[in-house]
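Here's my_file16.txt, which has compact mmCIF, C-alpha atoms and all ligand atoms:
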```txt
# COMPACT_ATOMS: atom_id res chain seq x y z
CA MET W 16 15.94 14.84 -44.35
CA SER W 17 19.58 13.82 -44.71
CA ASP W 18 21.07 15.70 -41.72
CA PRO W 19 20.24 13.52 -38.67
CA GLU W 20 20.65 16.42 -36.21
CA ALA W 21 18.18 18.56 -38.15
CA ASN W 22 15.80 15.61 -38.18
CA PHE W 23 16.09 15.18 -34.37
CA LYS W 24 15.52 18.91 -33.82
CA MET W 25 12.46 18.94 -36.03
CA LEU W 26 10.93 15.85 -34.35
CA LEU W 27 11.66 17.20 -30.87
CA SER W 28 10.09 20.52 -31.73
CA LEU W 29 6.96 18.71 -33.01
CA ALA W 30 6.95 16.54 -29.87
CA SER W 31 7.12 19.51 -27.51
CA ASP W 32 4.50 21.47 -29.48
CA ALA W 33 2.20 18.45 -29.19
CA LEU W 34 2.95 18.30 -25.46
CA LYS W 35 2.07 21.99 -25.04
CA SER W 36 -1.23 21.52 -26.85
CA GLU W 37 -2.02 18.38 -24.82
CA ARG W 38 -1.88 15.99 -27.78
CA TRP W 39 -0.16 13.30 -25.74
CA ASP W 40 -0.18 10.54 -28.35
CA ASP W 41 1.28 12.82 -31.03
CA SER W 42 3.95 13.84 -28.59
CA VAL W 43 4.78 10.18 -27.91
CA ARG W 44 4.92 9.48 -31.65
CA PHE W 45 7.36 12.31 -32.43
CA ALA W 46 9.57 11.72 -29.38
CA ALA W 47 9.68 7.97 -30.10
CA GLY W 48 10.68 8.89 -33.68
CA VAL W 49 13.81 10.59 -32.32
CA ILE W 50 14.80 7.43 -30.46
CA GLN W 51 14.02 5.16 -33.40
CA ALA W 52 16.17 7.38 -35.64
CA GLY W 53 19.15 6.47 -33.42
CA ALA W 54 19.57 9.67 -31.38
CA ASN W 55 21.97 9.68 -28.46
CA GLY W 56 23.37 12.21 -26.00
CA ASP W 57 21.23 15.30 -25.37
CA TYR W 58 18.74 14.48 -28.12
CA LEU W 59 18.02 11.09 -26.56
CA SER W 60 17.72 12.61 -23.07
CA ILE W 61 15.25 15.26 -24.21
CA ALA W 62 13.22 12.69 -26.16
CA LEU W 63 12.96 10.50 -23.06
CA GLU W 64 11.90 13.46 -20.90
CA VAL W 65 9.20 14.47 -23.38
CA LEU W 66 8.03 10.85 -23.57
CA GLY W 67 7.92 10.73 -19.77
CA TRP W 68 5.71 13.82 -19.56
CA ALA W 69 3.44 12.63 -22.37
CA HIS W 70 2.90 9.17 -20.84
CA LEU W 71 2.42 10.71 -17.41
CA ASN W 72 -0.22 13.12 -18.69
CA ALA W 73 -1.92 10.35 -20.64
CA ASP W 74 -2.17 8.39 -17.38
CA ARG W 75 0.24 5.64 -18.38
CA PRO W 76 2.41 5.53 -15.24
CA ASP W 77 4.26 2.33 -16.15
CA ALA W 78 5.32 3.62 -19.55
CA ALA W 79 6.34 6.94 -17.97
CA ARG W 80 8.30 5.08 -15.32
CA SER W 81 10.26 3.04 -17.80
CA VAL W 82 11.35 6.00 -19.96
CA LEU W 83 12.08 8.24 -16.99
CA SER W 84 14.18 5.53 -15.34
CA GLU W 85 16.18 5.34 -18.54
CA ALA W 86 16.62 9.13 -18.58
CA LEU W 87 17.68 9.12 -14.92
CA ARG W 88 20.19 6.38 -15.62
CA MET W 89 21.61 8.69 -18.33
CA ARG W 90 21.85 11.39 -15.63
CA SER W 91 19.51 13.67 -17.47
CA PRO W 92 18.52 16.50 -15.06
CA GLY W 93 15.39 17.30 -17.09
CA ALA W 94 13.93 13.96 -15.94
CA ILE W 95 13.81 15.07 -12.29
CA ALA W 96 10.63 17.16 -12.52
CA PRO W 97 8.54 14.52 -14.34
CA ALA W 98 9.94 11.82 -12.04
CA ILE W 99 8.73 13.79 -9.01
CA GLU W 100 5.28 14.21 -10.55
CA LEU W 101 5.20 10.50 -11.38
CA SER W 102 6.20 9.57 -7.82
CA LYS W 103 3.19 11.54 -6.54
CA LYS W 104 0.90 9.64 -8.88
CA LEU W 105 2.38 6.22 -8.01
CA PHE W 106 2.07 7.00 -4.31
CA ALA W 107 -1.55 8.13 -4.71
CA ASN W 108 -2.27 4.84 -6.47
CA GLY W 109 -0.91 2.82 -3.55
CA ARG W 110 2.42 2.07 -5.25
CA SER W 111 4.60 3.61 -2.58
CA GLY W 112 7.48 1.16 -3.18
CA ASP W 113 7.69 2.15 -6.86
CA ALA W 114 7.45 5.85 -5.92
CA PHE W 115 10.35 5.52 -3.46
CA ASP W 116 12.46 3.55 -5.98
CA LEU W 117 11.99 6.21 -8.64
CA LEU W 118 12.90 9.01 -6.24
CA ALA W 119 15.99 7.10 -5.07
CA GLN W 120 17.05 6.91 -8.71
CA ALA W 121 16.38 10.63 -9.14
CA HIS W 122 18.50 11.43 -6.07
CA HIS W 123 21.31 9.30 -7.46
CA CYS W 124 21.03 11.15 -10.78
CA ALA W 125 21.08 14.63 -9.22
CA PRO W 126 22.30 14.49 -5.60
CA GLY W 127 22.44 18.30 -5.41
CA ASP W 128 18.78 18.81 -6.40
CA ILE W 129 16.88 19.66 -3.22
CA SER W 130 13.45 18.92 -4.67
CA VAL W 131 14.05 15.15 -4.57
CA PRO W 132 14.87 14.80 -0.83
CA LEU W 133 11.98 17.14 -0.05
CA GLN W 134 9.61 14.90 -1.98
CA LEU W 135 11.06 11.79 -0.32
CA ALA W 136 10.55 13.40 3.09
CA GLU W 137 6.94 14.27 2.29
CA LEU W 138 6.04 10.77 1.09
CA HIS W 139 7.76 9.09 4.05
CA GLN W 140 5.94 11.42 6.43
CA ARG W 141 2.60 10.64 4.78
CA CYS W 142 3.01 6.92 5.32
CA GLY W 143 4.21 7.27 8.89
CA GLY W 144 7.93 6.72 8.17
CA TYR W 145 9.00 9.57 10.45
CA PRO W 146 12.66 8.57 10.89
CA ASP W 147 13.09 8.42 7.09
CA ALA W 148 11.29 11.75 6.72
CA VAL W 149 13.78 13.28 9.18
CA LYS W 150 16.70 11.73 7.30
CA TRP W 151 15.61 13.29 3.99
CA LEU W 152 14.89 16.69 5.53
CA GLU W 153 18.40 16.64 7.01
CA CYS W 154 19.68 15.79 3.54
CA ALA W 155 17.76 18.81 2.14
CA ASN W 156 19.35 20.98 4.85
CA SER W 157 22.80 19.83 3.87
CA ILE W 158 22.09 20.68 0.21
CA ASN W 159 20.80 24.13 1.07
CA PRO W 160 21.62 25.25 4.63
CA GLU W 161 20.19 28.76 4.01
CA SER W 162 16.68 27.36 3.59
CA ALA W 163 16.99 25.08 6.67
CA PRO W 164 15.12 27.47 9.04
CA ALA W 165 12.00 27.04 6.87
CA ARG W 166 12.09 23.32 7.72
CA SER W 167 13.02 23.57 11.38
CA HIS W 168 9.43 23.54 12.66
CA VAL W 169 8.45 20.37 10.79
CA LEU W 170 11.75 18.68 11.72
CA SER W 171 11.29 19.33 15.43
CA SER W 172 7.68 18.15 15.33
CA LEU W 173 8.75 14.95 13.53
CA ARG W 174 11.50 14.33 16.11
CA ALA W 175 8.99 14.86 18.94
CA THR W 176 6.59 12.35 17.31
CA ILE W 177 9.38 9.81 16.97
CA SER W 178 10.32 10.03 20.63
CA ARG W 179 6.65 9.92 21.74
CA ASN W 180 6.14 6.82 19.59
CA ASP W 181 9.27 5.19 21.03
CA ALA W 182 8.01 5.79 24.56
CA LEU W 183 4.58 4.44 23.65
CA ARG W 184 6.09 1.42 21.94
CA ASN W 185 7.98 0.52 25.09
CA SER W 186 4.97 0.82 27.32
CA ILE W 187 2.73 -1.09 24.86
CA SER W 188 5.28 -3.82 24.66
CA ALA W 189 5.23 -4.28 28.46
CA VAL W 190 1.40 -4.37 28.46
CA GLY W 191 1.55 -6.91 25.61
CA GLN W 192 3.87 -9.20 27.57
CA THR W 193 1.48 -9.24 30.55
CA ILE W 194 -1.43 -10.12 28.25
CA ALA W 195 0.60 -12.69 26.31
CA ASN W 196 1.55 -14.44 29.57
CA ALA W 197 -2.08 -14.46 30.71
CA SER W 198 -3.40 -15.76 27.37
CA GLY W 199 -0.62 -18.24 26.59
CA HIS W 200 0.21 -16.14 23.48
CA ARG W 201 -3.15 -17.01 21.95
CA VAL W 202 -5.70 -14.59 20.48
CA MET W 203 -8.32 -14.28 23.20
CA SER W 204 -11.57 -13.51 21.36
CA GLY W 205 -13.17 -12.70 18.01
CA PRO W 206 -13.40 -14.80 14.83
CA PHE W 207 -9.77 -15.84 15.02
CA ALA W 208 -9.61 -16.69 18.74
CA GLY W 209 -7.01 -19.37 19.43
CA ILE W 210 -4.34 -18.33 16.91
CA THR W 211 -0.91 -18.58 18.48
CA LEU W 212 0.72 -15.20 18.02
CA SER W 213 4.34 -14.29 18.68
CA SER W 214 5.18 -10.88 20.10
CA GLY W 215 5.09 -8.23 17.39
CA HIS W 216 6.61 -4.83 17.01
CA ASP W 217 3.46 -3.18 15.70
CA PHE W 218 1.35 -1.19 18.17
CA ALA W 219 -1.77 -3.10 17.09
CA TRP W 220 -0.18 -6.43 18.02
CA VAL W 221 -1.62 -6.16 21.53
CA ALA W 222 -5.15 -5.45 20.29
CA THR W 223 -4.75 -8.43 17.94
CA LEU W 224 -3.88 -10.63 20.90
CA VAL W 225 -6.88 -9.35 22.85
CA GLY W 226 -8.99 -10.17 19.78
CA CYS W 227 -10.44 -6.72 19.14
CA TYR W 228 -8.15 -5.67 16.29
CA GLU W 229 -10.39 -4.38 13.46
CA LYS W 230 -13.38 -5.38 15.53
CA GLU W 231 -15.56 -3.54 13.01
CA LEU W 232 -15.06 -6.52 10.66
CA HIS W 233 -15.95 -9.35 13.03
CA SER W 234 -19.56 -9.87 11.96
CA THR W 235 -18.62 -9.47 8.28
CA ILE W 236 -15.86 -12.05 8.65
CA GLU W 237 -18.33 -14.47 10.28
CA HIS W 238 -20.74 -13.90 7.39
CA ALA W 239 -18.04 -14.51 4.80
CA ILE W 240 -16.87 -17.68 6.61
CA ALA W 241 -20.45 -19.00 6.68
CA MET W 242 -20.44 -18.83 2.85
CA ARG W 243 -17.76 -21.58 2.93
CA PRO W 244 -15.39 -20.09 0.35
CA THR W 245 -12.98 -22.56 -1.25
CA ARG W 246 -10.36 -19.96 -2.24
CA ILE W 247 -9.48 -17.07 0.02
CA VAL W 248 -7.20 -14.37 -1.32
CA ASN W 249 -5.52 -12.13 1.25
CA VAL W 250 -4.05 -9.08 -0.49
CA GLY W 251 -1.56 -7.36 1.84
CA CYS W 252 -1.19 -10.26 4.29
CA SER W 253 1.44 -8.49 6.41
CA GLY W 254 2.34 -10.82 9.34
CA GLY W 255 -0.36 -13.33 8.37
CA TYR W 256 -3.04 -12.80 11.01
CA TYR W 257 -5.92 -12.84 8.53
CA ALA W 258 -4.42 -15.48 6.21
CA VAL W 259 -3.88 -17.86 9.13
CA GLY W 260 -7.16 -16.92 10.81
CA PHE W 261 -9.16 -17.73 7.68
CA ALA W 262 -7.22 -20.95 7.04
CA ARG W 263 -8.05 -22.16 10.57
CA ARG W 264 -11.71 -21.23 10.36
CA VAL W 265 -12.34 -22.56 6.84
CA PRO W 266 -10.65 -25.97 6.69
CA GLY W 267 -11.91 -26.62 3.15
CA ALA W 268 -10.24 -23.53 1.73
CA THR W 269 -6.81 -22.74 0.36
CA VAL W 270 -5.60 -19.28 1.32
CA PHE W 271 -3.49 -17.32 -1.17
CA ALA W 272 -1.65 -14.63 0.78
CA PHE W 273 0.17 -11.82 -1.01
CA ASP W 274 2.57 -9.17 0.20
CA ILE W 275 5.18 -7.09 -1.58
CA GLU W 276 7.37 -7.02 1.56
CA ALA W 277 9.71 -10.01 1.93
CA SER W 278 9.73 -9.69 5.74
CA ALA W 279 5.91 -9.77 5.81
CA ARG W 280 5.90 -12.93 3.67
CA ALA W 281 8.45 -14.60 5.96
CA SER W 282 6.34 -13.76 9.06
CA CYS W 283 3.21 -15.06 7.34
CA VAL W 284 4.88 -18.37 6.43
CA GLU W 285 6.08 -18.74 10.02
CA LEU W 286 2.70 -17.92 11.56
CA ALA W 287 0.98 -20.42 9.25
CA SER W 288 3.44 -23.13 10.23
CA VAL W 289 3.20 -22.42 13.99
CA ASN W 290 -0.58 -22.67 13.70
CA GLY W 291 -0.54 -25.91 11.71
CA VAL W 292 -2.00 -24.51 8.46
CA GLY W 293 1.22 -24.11 6.46
CA ASP W 294 -0.01 -26.63 3.87
CA ARG W 295 -3.06 -24.47 2.99
CA VAL W 296 -1.52 -21.00 3.06
CA VAL W 297 0.27 -20.19 -0.18
CA VAL W 298 2.39 -17.05 0.24
CA GLU W 299 3.34 -14.94 -2.80
CA GLY W 300 4.66 -11.45 -3.62
CA ALA W 301 2.82 -8.66 -5.43
CA CYS W 302 -0.83 -9.19 -6.18
CA THR W 303 -1.68 -7.83 -9.61
CA PRO W 304 -4.76 -8.25 -11.83
CA GLU W 305 -2.90 -10.96 -13.80
CA VAL W 306 -2.08 -12.94 -10.66
CA LEU W 307 -5.59 -12.55 -9.32
CA THR W 308 -7.40 -13.72 -12.48
CA PRO W 309 -7.35 -17.50 -11.82
CA LEU W 310 -8.20 -17.08 -8.13
CA ILE W 311 -11.53 -15.25 -8.39
CA GLY W 312 -15.12 -16.17 -9.23
CA SER W 313 -17.85 -18.07 -7.46
CA GLY W 314 -16.57 -19.59 -4.21
CA SER W 315 -13.78 -17.03 -3.80
CA LEU W 316 -13.36 -14.49 -1.04
CA ILE W 317 -10.92 -11.59 -1.30
CA PHE W 318 -9.72 -9.93 1.89
CA CYS W 319 -7.87 -6.83 0.76
CA ASP W 320 -5.79 -4.24 2.62
CA CYS W 321 -3.14 -2.88 0.29
CA GLU W 322 -2.65 0.82 0.93
CA GLY W 323 -4.70 2.26 -1.94
CA TYR W 324 -3.69 -0.27 -4.60
CA GLU W 325 -7.24 -1.66 -4.26
CA LEU W 326 -8.45 1.02 -6.68
CA HIS W 327 -6.24 -0.44 -9.39
CA LEU W 328 -6.73 -4.09 -8.46
CA LEU W 329 -10.45 -4.40 -7.87
CA ASP W 330 -11.74 -3.44 -11.27
CA PRO W 331 -14.38 -5.68 -12.90
CA ALA W 332 -13.60 -4.04 -16.25
CA ILE W 333 -10.20 -5.77 -16.06
CA LEU W 334 -11.27 -8.76 -13.93
CA PRO W 335 -14.80 -9.81 -14.91
CA GLY W 336 -14.60 -12.74 -12.42
CA LEU W 337 -14.97 -10.20 -9.60
CA ASP W 338 -18.71 -10.14 -10.39
CA LYS W 339 -19.21 -13.36 -8.41
CA THR W 340 -16.45 -12.85 -5.83
CA ALA W 341 -17.09 -11.81 -2.23
CA ILE W 342 -14.78 -8.99 -1.22
CA ILE W 343 -13.87 -7.39 2.09
CA VAL W 344 -11.75 -4.31 1.44
CA GLU W 345 -10.18 -1.60 3.53
CA LEU W 346 -10.75 1.73 1.78
CA HIS W 347 -7.77 4.10 1.74
CA ASP W 348 -9.38 7.44 0.98
CA VAL W 349 -6.73 8.89 3.26
CA TRP W 350 -4.20 8.20 0.50
CA VAL W 351 -6.23 8.26 -2.70
CA PRO W 352 -8.84 11.01 -2.96
CA ARG W 353 -12.43 9.77 -3.46
CA LEU W 354 -11.22 6.16 -3.58
CA ALA W 355 -14.30 4.64 -1.88
CA GLU W 356 -16.75 6.43 -4.13
CA ARG W 357 -14.89 5.41 -7.29
CA LEU W 358 -14.26 1.81 -6.22
CA LEU W 359 -17.72 1.02 -4.86
CA ALA W 360 -19.53 2.48 -7.89
CA ARG W 361 -18.05 -0.40 -9.94
CA PHE W 362 -19.87 -3.01 -7.86
CA LEU W 363 -23.34 -1.52 -7.33
CA ALA W 364 -24.98 -3.63 -10.05
CA THR W 365 -23.36 -6.94 -9.15
CA HIS W 366 -22.94 -6.83 -5.36
CA LYS W 367 -24.74 -5.77 -2.22
CA VAL W 368 -22.41 -3.07 -0.98
CA HIS W 369 -22.14 -2.78 2.81
CA ARG W 370 -20.11 0.15 4.15
CA ILE W 371 -18.38 -0.45 7.48
CA GLY W 372 -17.22 2.45 9.62
CA ALA W 373 -14.78 2.53 12.51
CA ILE W 374 -16.12 2.04 16.02
CA PRO W 375 -14.49 3.24 19.24
CA ARG W 376 -13.14 0.54 21.56
CA ASP W 377 -14.30 -0.12 25.12
CA TRP W 378 -11.87 -2.20 27.18
CA ARG W 379 -14.58 -2.99 29.75
CA ILE W 380 -16.25 -5.40 27.28
CA GLU W 381 -13.00 -7.03 26.12
CA PRO W 382 -11.15 -9.95 27.75
CA VAL W 383 -8.47 -7.53 28.91
CA ALA W 384 -10.92 -6.33 31.58
CA HIS W 385 -10.24 -9.56 33.50
CA ILE W 386 -6.47 -9.63 33.28
CA PRO W 387 -4.92 -8.60 36.59
CA GLY W 388 -1.90 -6.37 36.93
CA LEU W 389 -2.90 -3.68 34.41
CA THR W 390 -4.01 -0.13 35.01
CA ASP W 391 -7.14 1.17 33.28
CA GLN W 392 -4.96 3.35 31.05
CA GLU W 393 -2.95 0.29 30.03
CA ARG W 394 -6.20 -1.51 29.20
CA VAL W 395 -7.18 1.44 26.98
CA PHE W 396 -3.84 1.04 25.17
CA ALA W 397 -4.33 -2.71 24.91
CA VAL W 398 -7.56 -2.50 22.94
CA SER W 399 -6.50 0.30 20.60
CA ASP W 400 -5.76 -0.24 16.90
CA TRP W 401 -3.90 3.10 16.96
CA ARG W 402 -5.65 4.44 13.94
CA ASP W 403 -7.85 7.20 12.74
CA LEU W 404 -11.59 6.75 13.32
CA SER W 405 -12.22 7.98 9.77
CA MET W 406 -11.03 4.60 8.40
CA SER W 407 -13.65 2.53 6.65
CA TRP W 408 -14.13 -0.78 4.89
CA ALA W 409 -16.67 -2.32 2.56
CA TYR W 410 -18.11 -5.79 2.26
CA LEU W 411 -19.13 -6.56 -1.31
CA GLU W 412 -21.48 -9.49 -1.31
CA PRO W 413 -22.14 -10.92 -4.77
CA ARG W 414 -25.82 -10.88 -5.76
CA GLN W 415 -25.43 -13.92 -8.01
CA VAL W 416 -23.74 -16.98 -6.59
CA GLU W 417 -23.47 -20.18 -8.65
CA GLU W 418 -24.27 -23.45 -6.89
C1 LIG J 1 -1.56 -2.33 6.33
S1 LIG J 1 -0.76 -3.73 5.73
C2 LIG J 1 -1.96 -5.00 5.90
C3 LIG J 1 -2.22 -5.37 7.31
C4 LIG J 1 -3.17 -6.53 7.44
N1 LIG J 1 -4.50 -6.16 7.00
C5 LIG J 1 -3.25 -6.97 8.87
O1 LIG J 1 -4.12 -6.47 9.54
O2 LIG J 1 -2.43 -7.79 9.31
C6 LIG J 1 -0.76 -3.47 4.01
C7 LIG J 1 0.17 -4.42 3.30
O3 LIG J 1 -0.10 -4.39 1.92
C8 LIG J 1 1.09 -4.72 1.23
N2 LIG J 1 0.85 -4.40 -0.20
C9 LIG J 1 0.66 -3.20 -0.79
N3 LIG J 1 0.42 -3.35 -2.10
C10 LIG J 1 0.44 -4.68 -2.37
C11 LIG J 1 0.27 -5.49 -3.54
N4 LIG J 1 0.02 -4.97 -4.74
N5 LIG J 1 0.36 -6.83 -3.43
C12 LIG J 1 0.62 -7.39 -2.24
N6 LIG J 1 0.81 -6.67 -1.10
C13 LIG J 1 0.72 -5.35 -1.15
C14 LIG J 1 2.13 -3.93 1.99
O4 LIG J 1 3.43 -4.46 1.82
C15 LIG J 1 1.64 -4.06 3.44
O5 LIG J 1 2.30 -5.11 4.13
```

Kindly transcribe the structure held in the file into structure tokens.
Ligand SMILES: C[S@@+](CC[C@H](N)C(=O)[O-])C[C@H]1O[C@@H](n2cnc3c(N)ncnc32)[C@H](O)[C@@H]1O
Amino acid sequence: MSDPEANFKMLLSLASDALKSERWDDSVRFAAGVIQAGANGDYLSIALEVLGWAHLNADRPDAARSVLSEALRMRSPGAIAPAIELSKKLFANGRSGDAFDLLAQAHHCAPGDISVPLQLAELHQRCGGYPDAVKWLECANSINPESAPARSHVLSSLRATISRNDALRNSISAVGQTIANASGHRVMSGPFAGITLSSGHDFAWVATLVGCYEKELHSTIEHAIAMRPTRIVNVGCSGGYYAVGFARRVPGATVFAFDIEASARASCVELASVNGVGDRVVVEGACTPEVLTPLIGSGSLIFCDCEGYELHLLDPAILPGLDKTAIIVELHDVWVPRLAERLLARFLATHKVHRIGAIPRDWRIEPVAHIPGLTDQERVFAVSDWRDLSMSWAYLEPRQVEE
């Protein structure tokens, strides 16, 4: 066809027909044809949107993300709807940072589109970022003041939660200082007793100091330590409690600690240095299957808490070395539906799969019972991890271990 515009129109019509009849790869082929033929302006925008939908539906989030980012950069309003759908998928797969980045781009592209701040508010609320959720709901109100009353209930309940949390944070912090003074800032019990811990902002910092943070895992951690792993991979190291704890308890091991947050990595490096294990704790950014490949196999232990990304990461079809790797993993079914069932099914043939459920805390059996100057209610606070009792973990113990 000699007329380029007629060619673009024909290819776009084929691409959207293929999209309607759920032939995703055909849709990609026709839409990519428009781009290869040198389209620009509206034709290019529409081709990118169609490509975004097709990749999204074909479960290729990274390809969808790259074309939709391009469309958003071109300020193509048709990219907003697929970008919102993609953000939901990324978030469900534990990639909250990518989801937020994409939505920020969408907001920049169409600042008057209320659906983007509403989606940002929902995702922030779901991961406990209440002040950000309030900020985005206020943004939605400024875009459409008439619909603000529909959001007033959720806004006031978020504001109440924020002020309750602030009050709690203050009182926890005072309890923590009393315990830190009594313990000399050292973890008082559990597998990682003796770690020097600086005061933290997280509610669970005090339980960590007492030594009953994630107490459900203590016997599993002891079992994994007794296996004398030589490489320990800590996915989602946060402030470094586990990375440093394992490095201290397993002197023959190198710990590879990963976190996508720069502030978490900095805290982990500092904690390792304060505790004299900085030379055996290697701190890196995102943990991906590629990064993990050389670190797994016989003699490796993975300790994983990464907000749902475990479903993508811990896949023996991509990482065959997982077959002989011991794994302790926090299971985020709260964020990814049926995550535990899908993840654990992959390991039934190669590992003994132990499920670990949450257990309620009892301050009377913890060291905090003997610290003077605290009320019973403050001792209850001190041993709490501040989390839902529906949380669970799994210990995957390899059946075959090479000598
Ligand atoms: C709940 S925190 C982990 C807390 C840790 N288990 C502890 O108790 O100290 C989860 C961490 O996972 C990190 N994360 C999420 N996905 C990741 C990835 N692909 N690679 C590395 N870190 C990741 C987040 O930045 C976050 O700091």

Item to check | Proximity to Leu404 of chain W - best of W:Glu229, W:Ile236, W:Glu299, W:Ala86, all atoms listed in the file | outcome: W:Glu229

Checklist entry - Do you know which residues are at most 10 Å from segment 35-46 of chain W counting only C-alpha atoms, after dropping those on the same chain fewer than 3 positions away, and could you put them as number ranges by chain? => result W: 23, 25-32, 49-51, 58-59, 61-74

Quick one: axis-aligned box around all listed atoms of ligand LIG 1 (chain J), 6 Å on every side, centre and edge lengths in Å to one decimal, written as lines of an AutoDock Vina configuration file.
```
center_x = -0.5
center_y = -5.1
center_z = 2.4
size_x = 19.9
size_y = 17.5
size_z = 26.3
```

Item to check | Pairwise distance for atom CA of Ile317 of chain W and atom CA of Cys142 of chain W, rounded to one decimal in Å | outcome: 24.1 Å

Next on the checklist: Hey, which residues sit close to ligand LIG 1 (chain J)? Say within 10 Å, counting only C-alpha atoms and all ligand atoms, and write them as an MDAnalysis selection string.
Outcome noted: chainID W and resid 108:112 217 219:220 223 228:229 249:258 272:280 283 299:304 306 318:325 327:328 344:345 400

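Nearest-residue note for Leu411 of chain W: choosing from W:Ile99, W:Ala239, W:Ala332, W:Val221, the minimum distance belongs to W:Ala239, counting only C-alpha atoms.
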
Complete segment 36-47 of chain W with N, CA and C atoms (output as an mmCIF file, in the frame of the given file).
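New file result-v4.cif:
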```cif
data_model
loop_
_atom_site.group_PDB
_atom_site.id
_atom_site.type_symbol
_atom_site.label_atom_id
_atom_site.label_comp_id
_atom_site.auth_asym_id
_atom_site.auth_seq_id
_atom_site.Cartn_x
_atom_site.Cartn_y
_atom_site.Cartn_z
ATOM 1 N N SER W 36 0.199 21.461 -26.511
ATOM 2 C CA SER W 36 -1.230 21.520 -26.850
ATOM 3 C C SER W 36 -1.974 20.249 -26.409
ATOM 4 N N GLU W 37 -1.378 19.528 -25.479
ATOM 5 C CA GLU W 37 -2.020 18.380 -24.820
ATOM 6 C C GLU W 37 -2.420 17.269 -25.779
ATOM 7 N N ARG W 38 -1.652 17.128 -26.876
ATOM 8 C CA ARG W 38 -1.880 15.990 -27.780
ATOM 9 C C ARG W 38 -0.835 14.936 -27.401
ATOM 10 N N TRP W 39 -1.169 14.180 -26.338
ATOM 11 C CA TRP W 39 -0.160 13.300 -25.740
ATOM 12 C C TRP W 39 0.332 12.232 -26.722
ATOM 13 N N ASP W 40 -0.608 11.632 -27.474
ATOM 14 C CA ASP W 40 -0.180 10.540 -28.350
ATOM 15 C C ASP W 40 0.706 11.037 -29.495
ATOM 16 N N ASP W 41 0.403 12.247 -29.992
ATOM 17 C CA ASP W 41 1.280 12.820 -31.030
ATOM 18 C C ASP W 41 2.674 13.061 -30.460
ATOM 19 N N SER W 42 2.668 13.560 -29.225
ATOM 20 C CA SER W 42 3.950 13.840 -28.590
ATOM 21 C C SER W 42 4.770 12.564 -28.443
ATOM 22 N N VAL W 43 4.091 11.483 -28.032
ATOM 23 C CA VAL W 43 4.780 10.180 -27.910
ATOM 24 C C VAL W 43 5.333 9.761 -29.267
ATOM 25 N N ARG W 44 4.505 9.927 -30.308
ATOM 26 C CA ARG W 44 4.920 9.480 -31.650
ATOM 27 C C ARG W 44 6.193 10.215 -32.107
ATOM 28 N N PHE W 45 6.201 11.547 -31.948
ATOM 29 C CA PHE W 45 7.360 12.310 -32.430
ATOM 30 C C PHE W 45 8.610 12.019 -31.584
ATOM 31 N N ALA W 46 8.404 11.961 -30.248
ATOM 32 C CA ALA W 46 9.570 11.720 -29.380
ATOM 33 C C ALA W 46 10.128 10.314 -29.626
ATOM 34 N N ALA W 47 9.212 9.337 -29.823
ATOM 35 C CA ALA W 47 9.680 7.970 -30.100
ATOM 36 C C ALA W 47 10.431 7.947 -31.434
#
```
